[in-house]
Amino acid sequence: MLIEIVPPAQTGDVGDLSAAILEGIDGALSPVGEVLHEEVSQRFETQTDPQGRPWAPLTPKTLIARARKTAGTKILIVTAMLKNSFAPRIQRDQRRVSIGPGGPAAAYAATHQFGRGGILPRPMLPVGPGGPPSAALVAEVRATIAESVRAALARYRARRGQR
C-alpha cells in the first residue's frame with residue numbers, strides 16, 4: 001500500500017494545518033504496518049486468501065510425506081519459518097508502508113503467493129493474484145489513518161488555543 005500526500009506550498013495557517021495533517025499520516029505508518037502484519041498472520045491461521053477463499057489443499061503426495069514426519073496438515077505451516085518471516089517495512093521519508101517476507105523465506109513465499117510449476121498459488125499478501133484487499137482491511141487502514149490524523153489535528157488546535 002502506498003500513501004502519498006503532497007502539502008500545498010503555502011505558508012501561514014494553511015502550511016501549519018498541512019504540517020499537522022502530515023504529522024498524523026506519519027504517526028499512522030507504524031499502526032498501518034501492524035494492521036498489515038495482522039492481516040498476513042490471519043491468512044496462515046484461517047488458511048485462506050485475502051478474500052476469504054480457502055487455500056488450495058495439500059496434494060496427496062505432500063500429505064503422505066507429512067504423515068511420515070508427523071508434520072501435520074496445516075498448509076504452509078510446518079516450521080512456521082514462512083509465517084514468522086513477514087514484517088512491516090516503513091519508509092518514513094516516502095510515507096510508505098509495505099509488508100513482505102525476509103531472509104530465505106522470500107523465494108519460498110513468492111512460490112506460494114503466485115504458484116510455480118506444480119505448486120498452486122496460496123495468496124497470503126493483501127494484494128496480488130487473489131485480488132484486491134478486502135473491504136474490511138481497507139476500512140481498518142482508513143480508520144487507523146483517520147484516527148492518527150484526528151489526534152494530530154487535536155494537538156494542532158491545542159497549540160493554537162482552539163477547542
# chains A, B, ... in the order shown; residues from 1 in each chain; ligands from 1
$ select_by_dssp --residues "chain A" --states "strand (DSSP E or B)" --output "list of chain:residue names"
A:Leu2, A:Thr48, A:Pro54, A:Phe86, A:Ala87, A:Pro88, A:Arg89, A:Ile90, A:Gln91, A:Arg96, A:Val97, A:Ser98, A:Ile99, A:Gly100, A:Pro101, A:Arg116, A:Ile119, A:Gly128, A:Gly131
$ select_by_dssp --residues "region 18-154 of chain A" --states "alpha helix (DSSP H)" --output "ChimeraX atom specification"
/A:18-46,60-69,81-85,105-114,135-154
$ residues_around --residues "Phe114 (chain A)" --least-positions-apart "3" --cutoff "12 Å" --atoms "only C-alpha atoms" --output "list of chain:residue names"
A:Asp49, A:Trp55, A:Ala107, A:Tyr108, A:Ala109, A:Ala110, A:Thr111, A:Gly117, A:Gly118, A:Ile119, A:Leu120, A:Pro121, A:Arg122, A:Pro123, A:Met124, A:Leu125, A:Val127, A:Gly128, A:Pro129, A:Gly130, A:Gly131
$ closest_residue --among "A:Thr59, A:Ser148, A:Lys83, A:Pro126" --to "Ile99 (chain A)" --atoms "only C-alpha atoms"
A:Pro126
$ residues_around --residues "Ile25 (chain A)" --least-positions-apart "4" --cutoff "8 Å" --atoms "only C-alpha atoms" --output "list in words"
Ile21, Leu29, Arg95, Ile145, Ser148 and Val149 of chain A
$ atom_distance --atom1 "CA of Asp93 (chain A)" --atom2 "CA of Ala106 (chain A)"
24.5 Å
$ atom_distance --atom1 "CA of Glu147 (chain A)" --atom2 "CA of Gln91 (chain A)"
20.2 Å
$ closest_residue --among "A:Thr79, A:Gln94, A:Thr73, A:Asn84" --to "Leu58 (chain A)" --atoms "only C-alpha atoms"
A:Thr73
$ residues_around --residues "Gly100 (chain A)" --least-positions-apart "4" --cutoff "7 Å" --atoms "only C-alpha atoms" --output "ChimeraX atom specification"
/A:86-88
$ write_last_selection --atoms "N, CA and C atoms" --output "compact mmCIF listing (two decimals), in the first residue's frame"
# COMPACT_ATOMS: atom_id res chain seq x y z
N PHE A 86 7.38 -12.65 7.87
CA PHE A 86 6.74 -11.41 7.42
C PHE A 86 6.89 -10.31 8.45
N ALA A 87 7.22 -9.13 7.96
CA ALA A 87 7.36 -7.97 8.83
C ALA A 87 7.03 -6.71 8.04
N PRO A 88 6.43 -5.74 8.70
CA PRO A 88 6.16 -4.47 8.00
C PRO A 88 7.46 -3.70 7.79
$ decode --residues "region 19-160 of chain A" --atoms "C-alpha atoms" --output "PDB file, in the first residue's frame"
ATOM      1  CA  ALA A  19       2.039  20.034   8.584  1.00  0.00           C
ATOM      2  CA  ALA A  20      -0.424  18.823  11.229  1.00  0.00           C
ATOM      3  CA  ILE A  21      -2.132  16.526   8.721  1.00  0.00           C
ATOM      4  CA  LEU A  22       1.218  15.135   7.613  1.00  0.00           C
ATOM      5  CA  GLU A  23       2.152  14.604  11.259  1.00  0.00           C
ATOM      6  CA  GLY A  24      -0.991  12.474  11.527  1.00  0.00           C
ATOM      7  CA  ILE A  25      -0.084  10.490   8.421  1.00  0.00           C
ATOM      8  CA  ASP A  26       3.439   9.945   9.734  1.00  0.00           C
ATOM      9  CA  GLY A  27       2.018   8.780  13.045  1.00  0.00           C
ATOM     10  CA  ALA A  28      -0.176   6.245  11.248  1.00  0.00           C
ATOM     11  CA  LEU A  29       2.652   4.461   9.416  1.00  0.00           C
ATOM     12  CA  SER A  30       3.602   2.047  12.211  1.00  0.00           C
ATOM     13  CA  PRO A  31      -0.008   1.248  13.171  1.00  0.00           C
ATOM     14  CA  VAL A  32      -0.846   0.589   9.493  1.00  0.00           C
ATOM     15  CA  GLY A  33       2.168  -1.744   9.348  1.00  0.00           C
ATOM     16  CA  GLU A  34       0.759  -3.603  12.359  1.00  0.00           C
ATOM     17  CA  VAL A  35      -2.639  -3.886  10.639  1.00  0.00           C
ATOM     18  CA  LEU A  36      -0.972  -5.363   7.533  1.00  0.00           C
ATOM     19  CA  HIS A  37       1.097  -7.757   9.649  1.00  0.00           C
ATOM     20  CA  GLU A  38      -2.030  -8.986  11.438  1.00  0.00           C
ATOM     21  CA  GLU A  39      -3.761  -9.456   8.073  1.00  0.00           C
ATOM     22  CA  VAL A  40      -0.949 -11.691   6.787  1.00  0.00           C
ATOM     23  CA  SER A  41      -0.884 -13.636  10.068  1.00  0.00           C
ATOM     24  CA  GLN A  42      -4.621 -14.261   9.699  1.00  0.00           C
ATOM     25  CA  ARG A  43      -4.050 -15.848   6.273  1.00  0.00           C
ATOM     26  CA  PHE A  44      -1.947 -18.546   7.937  1.00  0.00           C
ATOM     27  CA  GLU A  45      -4.412 -19.020  10.795  1.00  0.00           C
ATOM     28  CA  THR A  46      -7.504 -19.286   8.601  1.00  0.00           C
ATOM     29  CA  GLN A  47      -5.697 -20.929   5.665  1.00  0.00           C
ATOM     30  CA  THR A  48      -7.495 -18.552   3.297  1.00  0.00           C
ATOM     31  CA  ASP A  49      -6.588 -15.901   0.742  1.00  0.00           C
ATOM     32  CA  PRO A  50      -7.290 -12.200   1.402  1.00  0.00           C
ATOM     33  CA  GLN A  51     -10.860 -12.597   0.089  1.00  0.00           C
ATOM     34  CA  GLY A  52     -11.547 -15.494   2.475  1.00  0.00           C
ATOM     35  CA  ARG A  53     -11.334 -18.297  -0.102  1.00  0.00           C
ATOM     36  CA  PRO A  54      -9.640 -21.478   1.182  1.00  0.00           C
ATOM     37  CA  TRP A  55      -6.101 -22.114   0.005  1.00  0.00           C
ATOM     38  CA  ALA A  56      -5.583 -24.998  -2.391  1.00  0.00           C
ATOM     39  CA  PRO A  57      -5.449 -28.221  -0.370  1.00  0.00           C
ATOM     40  CA  LEU A  58      -2.246 -30.168   0.101  1.00  0.00           C
ATOM     41  CA  THR A  59      -1.574 -32.767  -2.555  1.00  0.00           C
ATOM     42  CA  PRO A  60      -1.822 -36.466  -1.638  1.00  0.00           C
ATOM     43  CA  LYS A  61       1.965 -36.731  -2.091  1.00  0.00           C
ATOM     44  CA  THR A  62       2.547 -33.928   0.445  1.00  0.00           C
ATOM     45  CA  LEU A  63       0.061 -35.444   2.887  1.00  0.00           C
ATOM     46  CA  ILE A  64       1.862 -38.802   2.734  1.00  0.00           C
ATOM     47  CA  ALA A  65       5.266 -37.156   3.247  1.00  0.00           C
ATOM     48  CA  ARG A  66       3.962 -35.184   6.189  1.00  0.00           C
ATOM     49  CA  ALA A  67       2.343 -38.228   7.776  1.00  0.00           C
ATOM     50  CA  ARG A  68       5.734 -39.928   7.795  1.00  0.00           C
ATOM     51  CA  LYS A  69       7.233 -36.946   9.624  1.00  0.00           C
ATOM     52  CA  THR A  70       4.141 -36.253  11.762  1.00  0.00           C
ATOM     53  CA  ALA A  71       4.281 -32.693  10.439  1.00  0.00           C
ATOM     54  CA  GLY A  72       0.520 -32.093  10.490  1.00  0.00           C
ATOM     55  CA  THR A  73      -1.802 -30.986   7.724  1.00  0.00           C
ATOM     56  CA  LYS A  74      -1.829 -27.209   8.102  1.00  0.00           C
ATOM     57  CA  ILE A  75      -0.904 -25.604   4.797  1.00  0.00           C
ATOM     58  CA  LEU A  76       2.398 -23.634   4.737  1.00  0.00           C
ATOM     59  CA  ILE A  77       2.969 -24.255   8.440  1.00  0.00           C
ATOM     60  CA  VAL A  78       5.442 -26.970   9.321  1.00  0.00           C
ATOM     61  CA  THR A  79       8.220 -24.967  10.953  1.00  0.00           C
ATOM     62  CA  ALA A  80       6.410 -21.578  10.832  1.00  0.00           C
ATOM     63  CA  MET A  81       9.522 -20.110   9.138  1.00  0.00           C
ATOM     64  CA  LEU A  82       7.451 -18.557   6.359  1.00  0.00           C
ATOM     65  CA  LYS A  83       4.702 -17.258   8.644  1.00  0.00           C
ATOM     66  CA  ASN A  84       7.248 -15.718  11.011  1.00  0.00           C
ATOM     67  CA  SER A  85       9.300 -14.115   8.236  1.00  0.00           C
ATOM     68  CA  PHE A  86       6.736 -11.414   7.420  1.00  0.00           C
ATOM     69  CA  ALA A  87       7.365  -7.971   8.831  1.00  0.00           C
ATOM     70  CA  PRO A  88       6.163  -4.474   8.001  1.00  0.00           C
ATOM     71  CA  ARG A  89       8.666  -2.132   6.394  1.00  0.00           C
ATOM     72  CA  ILE A  90       8.236   1.576   6.961  1.00  0.00           C
ATOM     73  CA  GLN A  91       9.881   4.186   4.756  1.00  0.00           C
ATOM     74  CA  ARG A  92       9.164   7.411   6.612  1.00  0.00           C
ATOM     75  CA  ASP A  93      10.887   9.636   4.051  1.00  0.00           C
ATOM     76  CA  GLN A  94       8.461   8.385   1.388  1.00  0.00           C
ATOM     77  CA  ARG A  95       5.473   7.885   3.722  1.00  0.00           C
ATOM     78  CA  ARG A  96       5.304   4.281   2.604  1.00  0.00           C
ATOM     79  CA  VAL A  97       4.338   1.075   4.386  1.00  0.00           C
ATOM     80  CA  SER A  98       4.769  -2.390   2.923  1.00  0.00           C
ATOM     81  CA  ILE A  99       4.792  -5.939   4.182  1.00  0.00           C
ATOM     82  CA  GLY A 100       6.754  -8.886   2.925  1.00  0.00           C
ATOM     83  CA  PRO A 101       8.888 -11.824   3.911  1.00  0.00           C
ATOM     84  CA  GLY A 102      12.528 -11.505   4.728  1.00  0.00           C
ATOM     85  CA  GLY A 103      15.554 -13.752   4.553  1.00  0.00           C
ATOM     86  CA  PRO A 104      15.492 -17.179   2.949  1.00  0.00           C
ATOM     87  CA  ALA A 105      11.696 -17.305   3.085  1.00  0.00           C
ATOM     88  CA  ALA A 106      11.343 -14.625   0.375  1.00  0.00           C
ATOM     89  CA  ALA A 107      11.701 -17.002  -2.593  1.00  0.00           C
ATOM     90  CA  TYR A 108       9.583 -19.613  -0.843  1.00  0.00           C
ATOM     91  CA  ALA A 109       6.862 -17.007  -0.224  1.00  0.00           C
ATOM     92  CA  ALA A 110       6.812 -15.956  -3.884  1.00  0.00           C
ATOM     93  CA  THR A 111       6.373 -19.574  -4.954  1.00  0.00           C
ATOM     94  CA  HIS A 112       3.301 -19.911  -2.773  1.00  0.00           C
ATOM     95  CA  GLN A 113       1.902 -16.415  -3.344  1.00  0.00           C
ATOM     96  CA  PHE A 114       1.904 -16.806  -7.125  1.00  0.00           C
ATOM     97  CA  GLY A 115       2.296 -20.567  -7.678  1.00  0.00           C
ATOM     98  CA  ARG A 116       5.045 -22.173  -9.718  1.00  0.00           C
ATOM     99  CA  GLY A 117       5.413 -25.448 -11.548  1.00  0.00           C
ATOM    100  CA  GLY A 118       3.020 -27.885  -9.894  1.00  0.00           C
ATOM    101  CA  ILE A 119       2.562 -25.701  -6.803  1.00  0.00           C
ATOM    102  CA  LEU A 120      -0.788 -23.947  -6.754  1.00  0.00           C
ATOM    103  CA  PRO A 121      -0.952 -20.337  -5.563  1.00  0.00           C
ATOM    104  CA  ARG A 122      -1.880 -19.756  -1.938  1.00  0.00           C
ATOM    105  CA  PRO A 123      -2.073 -15.951  -1.697  1.00  0.00           C
ATOM    106  CA  MET A 124      -1.191 -14.530   1.694  1.00  0.00           C
ATOM    107  CA  LEU A 125      -0.404 -10.898   0.880  1.00  0.00           C
ATOM    108  CA  PRO A 126      -3.319  -8.426   0.978  1.00  0.00           C
ATOM    109  CA  VAL A 127      -2.903  -7.521  -2.713  1.00  0.00           C
ATOM    110  CA  GLY A 128      -1.933  -9.825  -5.531  1.00  0.00           C
ATOM    111  CA  PRO A 129      -3.233 -12.739  -7.556  1.00  0.00           C
ATOM    112  CA  GLY A 130      -6.025 -13.346  -5.045  1.00  0.00           C
ATOM    113  CA  GLY A 131      -7.496  -9.953  -5.876  1.00  0.00           C
ATOM    114  CA  PRO A 132      -7.694  -6.553  -4.215  1.00  0.00           C
ATOM    115  CA  PRO A 133      -7.527  -6.119  -0.448  1.00  0.00           C
ATOM    116  CA  SER A 134     -10.700  -6.972   1.414  1.00  0.00           C
ATOM    117  CA  ALA A 135     -13.150  -4.204   2.199  1.00  0.00           C
ATOM    118  CA  ALA A 136     -12.583  -4.881   5.906  1.00  0.00           C
ATOM    119  CA  LEU A 137      -8.825  -4.363   5.553  1.00  0.00           C
ATOM    120  CA  VAL A 138      -9.295  -1.148   3.568  1.00  0.00           C
ATOM    121  CA  ALA A 139     -11.738   0.123   6.210  1.00  0.00           C
ATOM    122  CA  GLU A 140      -9.320  -0.733   9.037  1.00  0.00           C
ATOM    123  CA  VAL A 141      -6.406   1.033   7.318  1.00  0.00           C
ATOM    124  CA  ARG A 142      -8.566   4.092   6.649  1.00  0.00           C
ATOM    125  CA  ALA A 143      -9.772   4.155  10.259  1.00  0.00           C
ATOM    126  CA  THR A 144      -6.189   3.841  11.526  1.00  0.00           C
ATOM    127  CA  ILE A 145      -5.063   6.780   9.392  1.00  0.00           C
ATOM    128  CA  ALA A 146      -8.129   8.859  10.276  1.00  0.00           C
ATOM    129  CA  GLU A 147      -7.583   8.280  13.998  1.00  0.00           C
ATOM    130  CA  SER A 148      -3.965   9.385  13.751  1.00  0.00           C
ATOM    131  CA  VAL A 149      -4.841  12.477  11.698  1.00  0.00           C
ATOM    132  CA  ARG A 150      -7.632  13.404  14.144  1.00  0.00           C
ATOM    133  CA  ALA A 151      -5.165  13.178  17.050  1.00  0.00           C
ATOM    134  CA  ALA A 152      -2.631  15.339  15.194  1.00  0.00           C
ATOM    135  CA  LEU A 153      -5.310  17.932  14.380  1.00  0.00           C
ATOM    136  CA  ALA A 154      -6.383  17.977  18.042  1.00  0.00           C
ATOM    137  CA  ARG A 155      -2.766  18.698  19.017  1.00  0.00           C
ATOM    138  CA  TYR A 156      -2.648  21.417  16.333  1.00  0.00           C
ATOM    139  CA  ARG A 157      -5.823  23.054  17.696  1.00  0.00           C
ATOM    140  CA  ALA A 158      -4.499  22.800  21.266  1.00  0.00           C
ATOM    141  CA  ARG A 159      -1.281  24.565  20.250  1.00  0.00           C
ATOM    142  CA  ARG A 160      -3.369  27.354  18.715  1.00  0.00           C
TER     143      ARG A 160
END
